[in-house]
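Dumped model_21.cif below, it's mmCIF, C-alpha atoms and all ligand atoms:
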data_final
loop_
_atom_site.group_PDB
_atom_site.id
_atom_site.type_symbol
_atom_site.label_atom_id
_atom_site.label_comp_id
_atom_site.auth_asym_id
_atom_site.auth_seq_id
_atom_site.Cartn_x
_atom_site.Cartn_y
_atom_site.Cartn_z
ATOM 1 C CA MET A 90 46.657 188.711 114.052
ATOM 2 C CA THR A 91 48.893 188.512 117.108
ATOM 3 C CA LYS A 92 49.180 191.799 118.922
ATOM 4 C CA PRO A 93 52.614 193.388 119.208
ATOM 5 C CA LEU A 94 54.749 193.867 122.282
ATOM 6 C CA ILE A 95 54.168 196.829 124.606
ATOM 7 C CA VAL A 96 56.820 197.868 127.130
ATOM 8 C CA ILE A 97 55.832 199.913 130.185
ATOM 9 C CA THR A 98 58.395 201.334 132.594
ATOM 10 C CA GLY A 99 57.330 202.107 136.150
ATOM 11 C CA ALA A 100 54.626 199.436 136.034
ATOM 12 C CA SER A 101 54.653 198.639 139.742
ATOM 13 C CA SER A 102 52.209 201.347 140.836
ATOM 14 C CA GLY A 103 50.151 204.373 139.837
ATOM 15 C CA PHE A 104 49.756 205.184 136.153
ATOM 16 C CA GLY A 105 52.001 202.344 134.988
ATOM 17 C CA ALA A 106 49.964 199.725 136.820
ATOM 18 C CA ALA A 107 46.746 201.195 135.367
ATOM 19 C CA MET A 108 48.200 201.051 131.837
ATOM 20 C CA ALA A 109 49.336 197.466 132.410
ATOM 21 C CA ALA A 110 45.783 196.509 133.425
ATOM 22 C CA SER A 111 44.265 198.140 130.364
ATOM 23 C CA PHE A 112 46.664 196.684 127.793
ATOM 24 C CA ASN A 113 46.513 193.278 129.510
ATOM 25 C CA GLN A 114 42.717 193.279 129.164
ATOM 26 C CA GLN A 115 43.130 194.162 125.486
ATOM 27 C CA GLY A 116 45.338 191.097 124.971
ATOM 28 C CA TYR A 117 48.716 192.707 124.274
ATOM 29 C CA PRO A 118 51.897 190.903 125.285
ATOM 30 C CA LEU A 119 53.641 193.060 127.852
ATOM 31 C CA LEU A 120 57.071 193.680 129.286
ATOM 32 C CA LEU A 121 56.483 195.305 132.671
ATOM 33 C CA LEU A 122 59.459 196.991 134.283
ATOM 34 C CA ALA A 123 60.173 198.503 137.689
ATOM 35 C CA ARG A 124 62.584 197.894 140.527
ATOM 36 C CA ARG A 125 59.896 196.359 142.765
ATOM 37 C CA THR A 126 58.935 193.264 140.783
ATOM 38 C CA ASP A 127 57.032 191.851 143.762
ATOM 39 C CA ARG A 128 54.613 194.757 143.381
ATOM 40 C CA ILE A 129 54.074 193.960 139.697
ATOM 41 C CA ALA A 130 53.607 190.271 140.494
ATOM 42 C CA ALA A 131 50.852 191.216 142.964
ATOM 43 C CA LEU A 132 48.823 193.141 140.354
ATOM 44 C CA PRO A 133 45.523 191.536 139.286
ATOM 45 C CA LEU A 134 46.686 190.659 135.759
ATOM 46 C CA ASP A 135 46.648 187.631 133.458
ATOM 47 C CA PHE A 136 50.370 186.844 133.450
ATOM 48 C CA SER A 137 50.265 184.293 130.623
ATOM 49 C CA ARG A 138 51.738 186.806 128.135
ATOM 50 C CA ILE A 139 53.564 189.118 130.521
ATOM 51 C CA MET A 140 57.299 189.278 131.183
ATOM 52 C CA VAL A 141 58.308 191.071 134.380
ATOM 53 C CA ARG A 142 61.848 192.281 134.921
ATOM 54 C CA GLY A 143 63.409 194.260 137.742
ATOM 55 C CA VAL A 144 65.149 197.122 136.004
ATOM 56 C CA ASP A 145 66.294 200.575 137.030
ATOM 57 C CA VAL A 146 65.715 202.823 134.009
ATOM 58 C CA THR A 147 68.932 204.688 134.725
ATOM 59 C CA ASP A 148 70.823 201.457 133.893
ATOM 60 C CA GLN A 149 70.648 201.415 130.104
ATOM 61 C CA LYS A 150 72.371 198.034 129.756
ATOM 62 C CA ALA A 151 69.874 196.310 132.028
ATOM 63 C CA LEU A 152 66.980 198.077 130.309
ATOM 64 C CA ALA A 153 68.237 196.988 126.875
ATOM 65 C CA ALA A 154 68.754 193.396 128.037
ATOM 66 C CA ALA A 155 65.169 193.180 129.316
ATOM 67 C CA ILE A 156 63.687 194.703 126.158
ATOM 68 C CA HIS A 157 65.714 192.453 123.856
ATOM 69 C CA GLU A 158 64.770 189.396 125.898
ATOM 70 C CA ALA A 159 61.067 190.267 125.572
ATOM 71 C CA GLU A 160 61.469 190.927 121.838
ATOM 72 C CA GLY A 161 62.961 187.447 121.528
ATOM 73 C CA VAL A 162 59.716 186.002 122.867
ATOM 74 C CA TYR A 163 57.032 188.389 121.593
ATOM 75 C CA GLY A 164 58.593 190.098 118.565
ATOM 76 C CA PRO A 165 59.553 193.745 118.100
ATOM 77 C CA VAL A 166 58.312 196.320 120.564
ATOM 78 C CA ASP A 167 55.628 198.466 118.954
ATOM 79 C CA LEU A 168 54.866 200.716 121.938
ATOM 80 C CA LEU A 169 57.192 201.922 124.658
ATOM 81 C CA VAL A 170 55.622 203.929 127.458
ATOM 82 C CA ASN A 171 58.349 205.826 129.279
ATOM 83 C CA ASN A 172 56.394 206.255 132.493
ATOM 84 C CA ALA A 173 58.882 205.648 135.339
ATOM 85 C CA GLY A 174 59.409 208.841 137.275
ATOM 86 C CA VAL A 175 60.148 210.353 140.618
ATOM 87 C CA MET A 176 59.028 213.629 142.206
ATOM 88 C CA LEU A 177 60.947 214.931 145.209
ATOM 89 C CA LEU A 178 59.517 218.290 146.167
ATOM 90 C CA GLY A 179 61.650 220.872 147.888
ATOM 91 C CA ASN A 180 62.898 224.425 147.825
ATOM 92 C CA VAL A 181 66.023 224.913 145.755
ATOM 93 C CA MET A 182 67.723 226.787 148.614
ATOM 94 C CA THR A 183 67.575 223.800 150.926
ATOM 95 C CA GLN A 184 67.031 220.662 148.855
ATOM 96 C CA ASP A 185 69.759 218.013 148.785
ATOM 97 C CA PRO A 186 71.349 218.155 145.292
ATOM 98 C CA GLN A 187 71.264 214.363 145.241
ATOM 99 C CA GLN A 188 67.474 214.664 144.900
ATOM 100 C CA TRP A 189 67.881 216.906 141.828
ATOM 101 C CA ARG A 190 70.219 214.341 140.301
ATOM 102 C CA GLN A 191 67.819 211.496 140.992
ATOM 103 C CA MET A 192 64.947 213.311 139.270
ATOM 104 C CA LEU A 193 67.028 214.260 136.253
ATOM 105 C CA ASP A 194 68.511 210.740 136.034
ATOM 106 C CA VAL A 195 65.179 208.926 136.163
ATOM 107 C CA ASN A 196 62.828 211.420 134.529
ATOM 108 C CA VAL A 197 65.086 212.617 131.711
ATOM 109 C CA LEU A 198 67.938 210.152 131.195
ATOM 110 C CA GLY A 199 65.614 207.195 131.834
ATOM 111 C CA VAL A 200 63.379 208.391 128.988
ATOM 112 C CA LEU A 201 66.369 208.887 126.685
ATOM 113 C CA ASN A 202 67.704 205.447 127.634
ATOM 114 C CA GLY A 203 64.498 203.672 126.667
ATOM 115 C CA THR A 204 64.091 205.742 123.532
ATOM 116 C CA GLN A 205 67.576 204.971 122.266
ATOM 117 C CA ILE A 206 67.010 201.227 122.725
ATOM 118 C CA VAL A 207 63.768 200.947 120.759
ATOM 119 C CA LEU A 208 63.947 203.790 118.263
ATOM 120 C CA PRO A 209 66.392 202.328 115.686
ATOM 121 C CA GLY A 210 64.161 199.265 115.242
ATOM 122 C CA MET A 211 61.024 201.390 114.948
ATOM 123 C CA VAL A 212 62.684 203.636 112.378
ATOM 124 C CA ALA A 213 63.887 200.616 110.372
ATOM 125 C CA ARG A 214 60.364 199.119 110.444
ATOM 126 C CA GLU A 215 58.795 202.541 109.814
ATOM 127 C CA HIS A 216 56.327 201.638 112.553
ATOM 128 C CA GLY A 217 56.157 202.187 116.292
ATOM 129 C CA THR A 218 55.120 204.546 119.049
ATOM 130 C CA ILE A 219 56.805 205.999 122.105
ATOM 131 C CA ILE A 220 54.593 207.708 124.675
ATOM 132 C CA ASN A 221 56.399 209.722 127.309
ATOM 133 C CA ILE A 222 54.583 210.473 130.551
ATOM 134 C CA SER A 223 55.526 214.051 131.230
ATOM 135 C CA SER A 224 53.442 216.337 133.464
ATOM 136 C CA LEU A 225 51.685 219.688 133.517
ATOM 137 C CA ALA A 226 54.943 220.554 135.298
ATOM 138 C CA GLY A 227 56.517 220.063 131.870
ATOM 139 C CA LYS A 228 54.657 223.133 130.598
ATOM 140 C CA LYS A 229 54.272 225.425 133.577
ATOM 141 C CA THR A 230 55.886 226.101 136.905
ATOM 142 C CA PHE A 231 54.875 225.043 140.404
ATOM 143 C CA VAL A 232 56.362 226.323 143.671
ATOM 144 C CA ASN A 233 58.681 223.777 145.387
ATOM 145 C CA HIS A 234 59.003 221.865 142.107
ATOM 146 C CA ALA A 235 62.123 223.508 140.588
ATOM 147 C CA ALA A 236 64.140 220.393 139.766
ATOM 148 C CA TYR A 237 61.033 218.337 138.966
ATOM 149 C CA VAL A 238 59.832 221.093 136.623
ATOM 150 C CA ALA A 239 63.300 221.143 135.041
ATOM 151 C CA SER A 240 63.094 217.404 134.456
ATOM 152 C CA LYS A 241 59.602 217.496 132.962
ATOM 153 C CA PHE A 242 60.323 220.534 130.759
ATOM 154 C CA GLY A 243 63.191 218.298 129.619
ATOM 155 C CA VAL A 244 60.744 215.530 128.749
ATOM 156 C CA HIS A 245 58.597 217.946 126.764
ATOM 157 C CA GLY A 246 61.627 219.291 124.910
ATOM 158 C CA LEU A 247 63.227 215.975 124.066
ATOM 159 C CA SER A 248 59.897 214.447 123.023
ATOM 160 C CA GLU A 249 59.092 217.175 120.524
ATOM 161 C CA THR A 250 62.664 217.170 119.193
ATOM 162 C CA ILE A 251 62.671 213.418 118.614
ATOM 163 C CA ARG A 252 59.150 213.558 117.170
ATOM 164 C CA GLU A 253 60.424 215.951 114.490
ATOM 165 C CA GLU A 254 63.464 213.765 113.833
ATOM 166 C CA VAL A 255 61.534 210.533 113.213
ATOM 167 C CA SER A 256 58.229 211.814 111.829
ATOM 168 C CA GLY A 257 59.444 211.120 108.289
ATOM 169 C CA LYS A 258 59.926 207.483 109.252
ATOM 170 C CA ASN A 259 56.299 207.061 110.328
ATOM 171 C CA VAL A 260 57.255 206.679 114.002
ATOM 172 C CA ARG A 261 55.095 208.439 116.575
ATOM 173 C CA ILE A 262 56.487 210.221 119.619
ATOM 174 C CA ALA A 263 53.696 211.407 121.901
ATOM 175 C CA MET A 264 53.245 212.732 125.389
ATOM 176 C CA VAL A 265 50.676 212.595 128.139
ATOM 177 C CA ALA A 266 50.944 215.449 130.616
ATOM 178 C CA PRO A 267 48.844 214.701 133.705
ATOM 179 C CA GLY A 268 47.929 216.990 136.552
ATOM 180 C CA ALA A 269 47.991 215.954 140.199
ATOM 181 C CA ALA A 270 46.800 212.390 140.732
ATOM 182 C CA GLU A 271 46.432 209.894 143.527
ATOM 183 C CA THR A 272 49.468 207.641 143.185
ATOM 184 C CA GLU A 273 52.553 206.863 145.257
ATOM 185 C CA LEU A 274 54.482 209.709 143.608
ATOM 186 C CA LEU A 275 54.312 212.135 146.514
ATOM 187 C CA GLY A 276 55.359 209.458 149.004
ATOM 188 C CA HIS A 277 59.088 209.883 148.334
ATOM 189 C CA THR A 278 59.245 213.594 149.176
ATOM 190 C CA THR A 279 61.139 214.192 152.414
ATOM 191 C CA ASP A 280 60.570 217.974 152.800
ATOM 192 C CA ALA A 281 57.748 218.372 155.355
ATOM 193 C CA GLY A 282 57.047 221.985 154.352
ATOM 194 C CA ALA A 283 56.717 221.101 150.673
ATOM 195 C CA LEU A 284 54.401 218.227 151.591
ATOM 196 C CA SER A 285 52.098 220.419 153.673
ATOM 197 C CA ASP A 286 52.049 223.094 150.925
ATOM 198 C CA TYR A 287 51.033 220.392 148.438
ATOM 199 C CA ALA A 288 48.333 219.060 150.760
ATOM 200 C CA ALA A 289 46.972 222.600 151.287
ATOM 201 C CA TRP A 290 46.950 223.200 147.503
ATOM 202 C CA LYS A 291 44.991 220.000 146.919
ATOM 203 C CA GLU A 292 42.613 220.855 149.759
ATOM 204 C CA SER A 293 42.003 224.309 148.238
ATOM 205 C CA MET A 294 40.731 222.543 145.119
ATOM 206 C CA GLY A 295 38.331 220.304 147.016
ATOM 207 C CA GLY A 296 40.819 217.461 147.553
ATOM 208 C CA LEU A 297 41.099 216.963 143.810
ATOM 209 C CA THR A 298 41.843 213.537 142.500
ATOM 210 C CA LEU A 299 42.697 212.305 139.026
ATOM 211 C CA ASP A 300 42.184 208.557 138.860
ATOM 212 C CA PRO A 301 45.158 206.798 137.160
ATOM 213 C CA LYS A 302 42.711 204.854 135.007
ATOM 214 C CA HIS A 303 41.950 208.053 133.075
ATOM 215 C CA VAL A 304 45.642 208.540 132.319
ATOM 216 C CA ALA A 305 45.675 204.960 131.044
ATOM 217 C CA GLU A 306 42.680 205.813 128.857
ATOM 218 C CA ALA A 307 44.604 208.752 127.382
ATOM 219 C CA VAL A 308 47.502 206.433 126.547
ATOM 220 C CA ASP A 309 45.057 203.964 124.963
ATOM 221 C CA PHE A 310 43.549 206.744 122.865
ATOM 222 C CA ILE A 311 46.920 207.814 121.474
ATOM 223 C CA TYR A 312 47.987 204.266 120.676
ATOM 224 C CA ALA A 313 44.652 203.223 119.174
ATOM 225 C CA MET A 314 44.805 205.914 116.496
ATOM 226 C CA PRO A 315 46.032 204.700 113.098
ATOM 227 C CA GLN A 316 49.841 204.772 112.773
ATOM 228 C CA SER A 317 49.399 207.650 110.297
ATOM 229 C CA VAL A 318 47.899 209.851 113.039
ATOM 230 C CA ASN A 319 49.937 211.166 115.957
ATOM 231 C CA VAL A 320 48.100 212.692 118.898
ATOM 232 C CA ARG A 321 51.202 214.570 119.963
ATOM 233 C CA GLU A 322 50.147 215.533 123.454
ATOM 234 C CA ILE A 323 47.273 215.078 125.856
ATOM 235 C CA ASP A 324 47.059 217.331 128.896
ATOM 236 C CA ILE A 325 44.763 215.767 131.470
ATOM 237 C CA ALA A 326 43.902 216.955 134.956
ATOM 238 C CA ALA A 327 41.084 216.964 137.460
ATOM 239 C CA THR A 328 38.509 219.552 136.418
ATOM 240 C CA ARG A 329 38.953 221.326 139.740
ATOM 241 C CA GLN A 330 42.734 221.692 139.281
ATOM 242 C CA ASP A 331 43.207 225.427 138.808
ATOM 243 C CA SER A 332 46.823 225.511 137.686
HETATM 244 P P1 LIG A 401 54.235 206.230 141.322
HETATM 245 O O1 LIG A 401 55.225 206.641 142.338
HETATM 246 O O2 LIG A 401 52.993 205.529 141.759
HETATM 247 O O3 LIG A 401 54.948 205.348 140.201
HETATM 248 C C1 LIG A 401 56.232 205.604 139.751
HETATM 249 C C2 LIG A 401 56.764 204.386 139.034
HETATM 250 O O4 LIG A 401 58.087 204.664 138.563
HETATM 251 C C3 LIG A 401 56.835 203.181 139.944
HETATM 252 O O5 LIG A 401 56.398 202.045 139.247
HETATM 253 C C4 LIG A 401 58.334 203.068 140.258
HETATM 254 O O6 LIG A 401 58.676 201.704 140.408
HETATM 255 C C5 LIG A 401 58.933 203.617 138.970
HETATM 256 N N1 LIG A 401 60.301 204.095 139.146
HETATM 257 C C6 LIG A 401 60.739 205.114 139.911
HETATM 258 N N2 LIG A 401 62.084 205.212 139.825
HETATM 259 C C7 LIG A 401 62.486 204.235 138.989
HETATM 260 C C8 LIG A 401 63.742 203.816 138.484
HETATM 261 N N3 LIG A 401 64.879 204.422 138.832
HETATM 262 N N4 LIG A 401 63.788 202.767 137.627
HETATM 263 C C9 LIG A 401 62.660 202.125 137.277
HETATM 264 N N5 LIG A 401 61.438 202.478 137.695
HETATM 265 C C10 LIG A 401 61.367 203.518 138.554
HETATM 266 O O7 LIG A 401 53.873 207.561 140.555
HETATM 267 P P2 LIG A 401 52.967 207.886 139.247
HETATM 268 O O8 LIG A 401 52.263 206.697 138.743
HETATM 269 O O9 LIG A 401 52.210 209.085 139.601
HETATM 270 O O10 LIG A 401 54.127 208.316 138.236
HETATM 271 C C11 LIG A 401 54.223 207.864 136.902
HETATM 272 C C12 LIG A 401 54.686 209.011 136.021
HETATM 273 O O11 LIG A 401 53.679 210.022 135.999
HETATM 274 C C13 LIG A 401 55.959 209.708 136.504
HETATM 275 O O12 LIG A 401 56.789 209.971 135.380
HETATM 276 C C14 LIG A 401 55.446 210.999 137.112
HETATM 277 O O13 LIG A 401 56.406 212.021 137.092
HETATM 278 C C15 LIG A 401 54.261 211.281 136.218
HETATM 279 N N6 LIG A 401 53.247 212.189 136.758
HETATM 280 C C16 LIG A 401 52.598 211.924 137.930
HETATM 281 C C17 LIG A 401 51.661 212.817 138.435
HETATM 282 C C18 LIG A 401 50.958 212.586 139.728
HETATM 283 O O14 LIG A 401 50.414 213.537 140.317
HETATM 284 N N7 LIG A 401 50.904 211.385 140.239
HETATM 285 C C19 LIG A 401 51.297 214.034 137.712
HETATM 286 C C20 LIG A 401 52.021 214.207 136.483
HETATM 287 C C21 LIG A 401 52.948 213.319 136.044
HETATM 288 P P3 LIG A 401 59.743 201.125 141.453
HETATM 289 O O15 LIG A 401 59.820 202.070 142.622
HETATM 290 O O16 LIG A 401 59.192 199.778 141.792
HETATM 291 O O17 LIG A 401 61.019 201.052 140.658
#
Would you give me this structure, written as structure tokens?
Amino acid sequence: MTKPLIVITGASSGFGAAMAASFNQQGYPLLLLARRTDRIAALPLDFSRIMVRGVDVTDQKALAAAIHEAEGVYGPVDLLVNNAGVMLLGNVMTQDPQQWRQMLDVNVLGVLNGTQIVLPGMVAREHGTIINISSLAGKKTFVNHAAYVASKFGVHGLSETIREEVSGKNVRIAMVAPGAAETELLGHTTDAGALSDYAAWKESMGGLTLDPKHVAEAVDFIYAMPQSVNVREIDIAATRQDS
């Protein structure tokens, strides 16, 4: 049997790139999305059944066009991983409001955009899975993370709401909520104080590191369950992470 199409947003680095590697090794056809397509093209993957498109997840039209193009080649999408995200740390008293908007646009509206594109087909087929990459910051607070926490609490809330709405149609909505990991995520923060606080926090926990491959394994685990079983949420963090 031919394996169905998997779509991964934010596939150019970090967790998304690790998921792409895992599903590629398992033989799934993939649509890999990010703005930096050169970074995806440089990943050590077998590109024979991979479509790569440069898409900003805040642009729903472009996202829909890419997904429909891939469906035309590989058939209906059976798994969408809404992974693209941005974390711009800062104190609410000083942070540029444009950074709040960017986080809410990408982390919340980007997830809704992707969901709205694939969900009607999944509901009609009574088959399909959406896995949203939230964060432990979607369940609890962290200093200097106010807008990021707001965005990830948003992901938790919308995921559980949509899960309830489509559960009767045999469609799975699930979440992975990782703790701090070694990716490029922190690299976009411009607030030097927030960066040094984060570095000191990590140092206090022995320089903790969660390898992205373990987040990819959590995604695999959710998807590999029978369609009748929904692992609704996996929280995963380095053992030494105290919060
Ligand atoms: P990275 O910065 O390594 O990856 C983020 C990915 O998102 C990149 O591929 C980037 O691609 C993509 N992206 C960002 N903005 C957009 C956009 N507007 N449109 C399309 N793609 C976009 O970080 P991670 O791998 O760590 O992040 C993945 C997810 O995991 C995020 O949702 C993040 O919030 C979450 N997370 C991360 C944690 C961590 O400590 N690393 C902990 C908990 C959750 P490009 O720039 O090429 O568009």
task = Using the chain letters and residue numbers of this document, give as an MDAnalysis selection string the residues selected by the PyMOL selection byres (((not hetatm)) within 6 of (chain A and resi 401)).
result = chainID A and resid 99:105 123:125 144:147 172:176 195 222:224 267:274
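On the file presented, the PyMOL selection byres (((chain A and resi 236) around 9) and not hetatm) picks out A:Met176, A:Leu177, A:Leu178, A:Gly179, A:Val181, A:Gln188, A:Trp189, A:Arg190, A:Met192, A:Leu193, A:Asn233, A:His234, A:Ala235, A:Tyr237, A:Val238, A:Ala239, A:Ser240, A:Lys241.
Take the candidates A:Ser137, A:Thr183, A:Lys92, A:Thr126 and check each one against Val166 (chain A) using all atoms listed in the file; the shortest distance goes to A:Lys92.
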request  = Go ahead and compute the interatomic distance for CA of Asp127 (chain A) and CA of Thr91 (chain A), in Å to one decimal.
outcome  =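 Atom-to-atom, CA of Asp127 (chain A) and CA of Thr91 (chain A) are spaced 28.1 Å apart.
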key: Non-local contacts of Ala107 (chain A) (8 Å; only C-alpha atoms; under 5 positions in same chain excluded) as a PyMOL selection string   = chain A and resi 102+301-302+305
request  = Would you list the contacts of Leu169 (chain A) as number ranges by chain, taking every protein, DNA or RNA residue within 9 Å and counting only C-alpha atoms, but skipping same-chain residues closer than 4 positions in sequence?
outcome  = A: 94-98, 203-204, 207, 217-221
message = When you count all atoms listed in the file, which of these residues is closest to Gly210 (chain A): A:Leu247, A:Met294, A:Val197, A:Ile156?
response =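 Residue with the minimum atom-to-atom distance to Gly210 (chain A): A:Ile156.
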key: Minimum-distance residue to Ile325 (chain A), chosen among A:Ala130, A:Met264, A:Ala281, A:Ala313 (using only C-alpha atoms)   = A:Met264
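Pairwise distance (CA of Arg321 (chain A), CA of Ala151 (chain A)) equals 28.8 Å.
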task = Select, from A:Ala327, A:Leu275, A:Lys258, A:Tyr117, the residue with the minimum atom-to-atom distance to Ala288 (chain A), counting all atoms listed in the file.
result =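 Closest candidate: A:Leu275.
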Centre and edge lengths, as JSON, for the axis-aligned box enclosing every listed atom of region 193-199 of chain A with 5 Å of padding on each of the six sides, in Å to one decimal?
{"center_x": 65.7, "center_y": 210.7, "center_z": 133.7, "size_x": 15.7, "size_y": 17.1, "size_z": 15.1}
ask   = the PyMOL selection byres (((chain A and resi 162) around 12) and not hetatm) on the file shown: which residues, as a PyMOL selection string?
value = chain A and resi 93-94+118-120+138-140+155-161+163-166
message = Can you measure CA of Glu249 (chain A) to CA of Met108 (chain A) for me? One decimal in Å is fine.
response =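 Spanning CA of Glu249 (chain A) to CA of Met108 (chain A) is a straight-line distance of 22.5 Å.
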inquiry  = For Ile323 (chain A), find every residue with an atom within 9 Å (counting all atoms listed in the file), except residues of its own chain fewer than 4 positions away, and show them as a list in words.
reply    =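 The contact residues come out as Ala263, Met264, Val265, Ala266, Pro267, Ala307, Val308 and Ile311 of chain A.
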request  = Select, from A:Val260, A:Val232, A:Leu198, A:Leu284, the residue with the minimum atom-to-atom distance to Tyr312 (chain A), counting all atoms listed in the file.
outcome  =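 Distance minimum relative to Tyr312 (chain A) lands on A:Val260.
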Since the input lacks some atoms of region 274-293 of chain A, please model N, CA and C atoms and print them as a compact mmCIF listing (two decimals), in the frame of the given file.
# COMPACT_ATOMS: atom_id res chain seq x y z
N LEU A 274 53.42 208.79 144.02
CA LEU A 274 54.48 209.71 143.61
C LEU A 274 54.96 210.63 144.73
N LEU A 275 53.97 211.15 145.48
CA LEU A 275 54.31 212.14 146.51
C LEU A 275 55.03 211.49 147.70
N GLY A 276 54.89 210.17 147.81
CA GLY A 276 55.36 209.46 149.00
C GLY A 276 56.86 209.48 149.22
N HIS A 277 57.63 209.89 148.21
CA HIS A 277 59.09 209.88 148.33
C HIS A 277 59.65 211.24 148.75
N THR A 278 58.78 212.26 148.78
CA THR A 278 59.24 213.59 149.18
C THR A 278 59.56 213.61 150.66
N THR A 279 60.72 214.18 151.01
CA THR A 279 61.14 214.19 152.41
C THR A 279 60.94 215.56 153.08
N ASP A 280 60.68 216.61 152.28
CA ASP A 280 60.57 217.97 152.80
C ASP A 280 59.16 218.19 153.37
N ALA A 281 59.06 218.28 154.70
CA ALA A 281 57.75 218.37 155.35
C ALA A 281 56.98 219.63 154.93
N GLY A 282 57.70 220.74 154.76
CA GLY A 282 57.05 221.98 154.35
C GLY A 282 56.45 221.86 152.96
N ALA A 283 57.21 221.28 152.04
CA ALA A 283 56.72 221.10 150.67
C ALA A 283 55.51 220.17 150.66
N LEU A 284 55.53 219.16 151.52
CA LEU A 284 54.40 218.23 151.59
C LEU A 284 53.15 218.92 152.10
N SER A 285 53.30 219.76 153.14
CA SER A 285 52.10 220.42 153.67
C SER A 285 51.58 221.48 152.70
N ASP A 286 52.50 222.15 151.97
CA ASP A 286 52.05 223.09 150.93
C ASP A 286 51.23 222.36 149.86
N TYR A 287 51.71 221.16 149.48
CA TYR A 287 51.03 220.39 148.44
C TYR A 287 49.65 219.96 148.93
N ALA A 288 49.61 219.50 150.19
CA ALA A 288 48.33 219.06 150.76
C ALA A 288 47.35 220.23 150.82
N ALA A 289 47.85 221.43 151.20
CA ALA A 289 46.97 222.60 151.29
C ALA A 289 46.47 223.00 149.89
N TRP A 290 47.33 222.89 148.89
CA TRP A 290 46.95 223.20 147.50
C TRP A 290 45.84 222.27 147.03
N LYS A 291 46.02 220.97 147.32
CA LYS A 291 44.99 220.00 146.92
C LYS A 291 43.68 220.27 147.65
N GLU A 292 43.82 220.58 148.96
CA GLU A 292 42.61 220.86 149.76
C GLU A 292 41.87 222.06 149.20
N SER A 293 42.62 223.09 148.76
CA SER A 293 42.00 224.31 148.24
C SER A 293 41.20 224.03 146.97
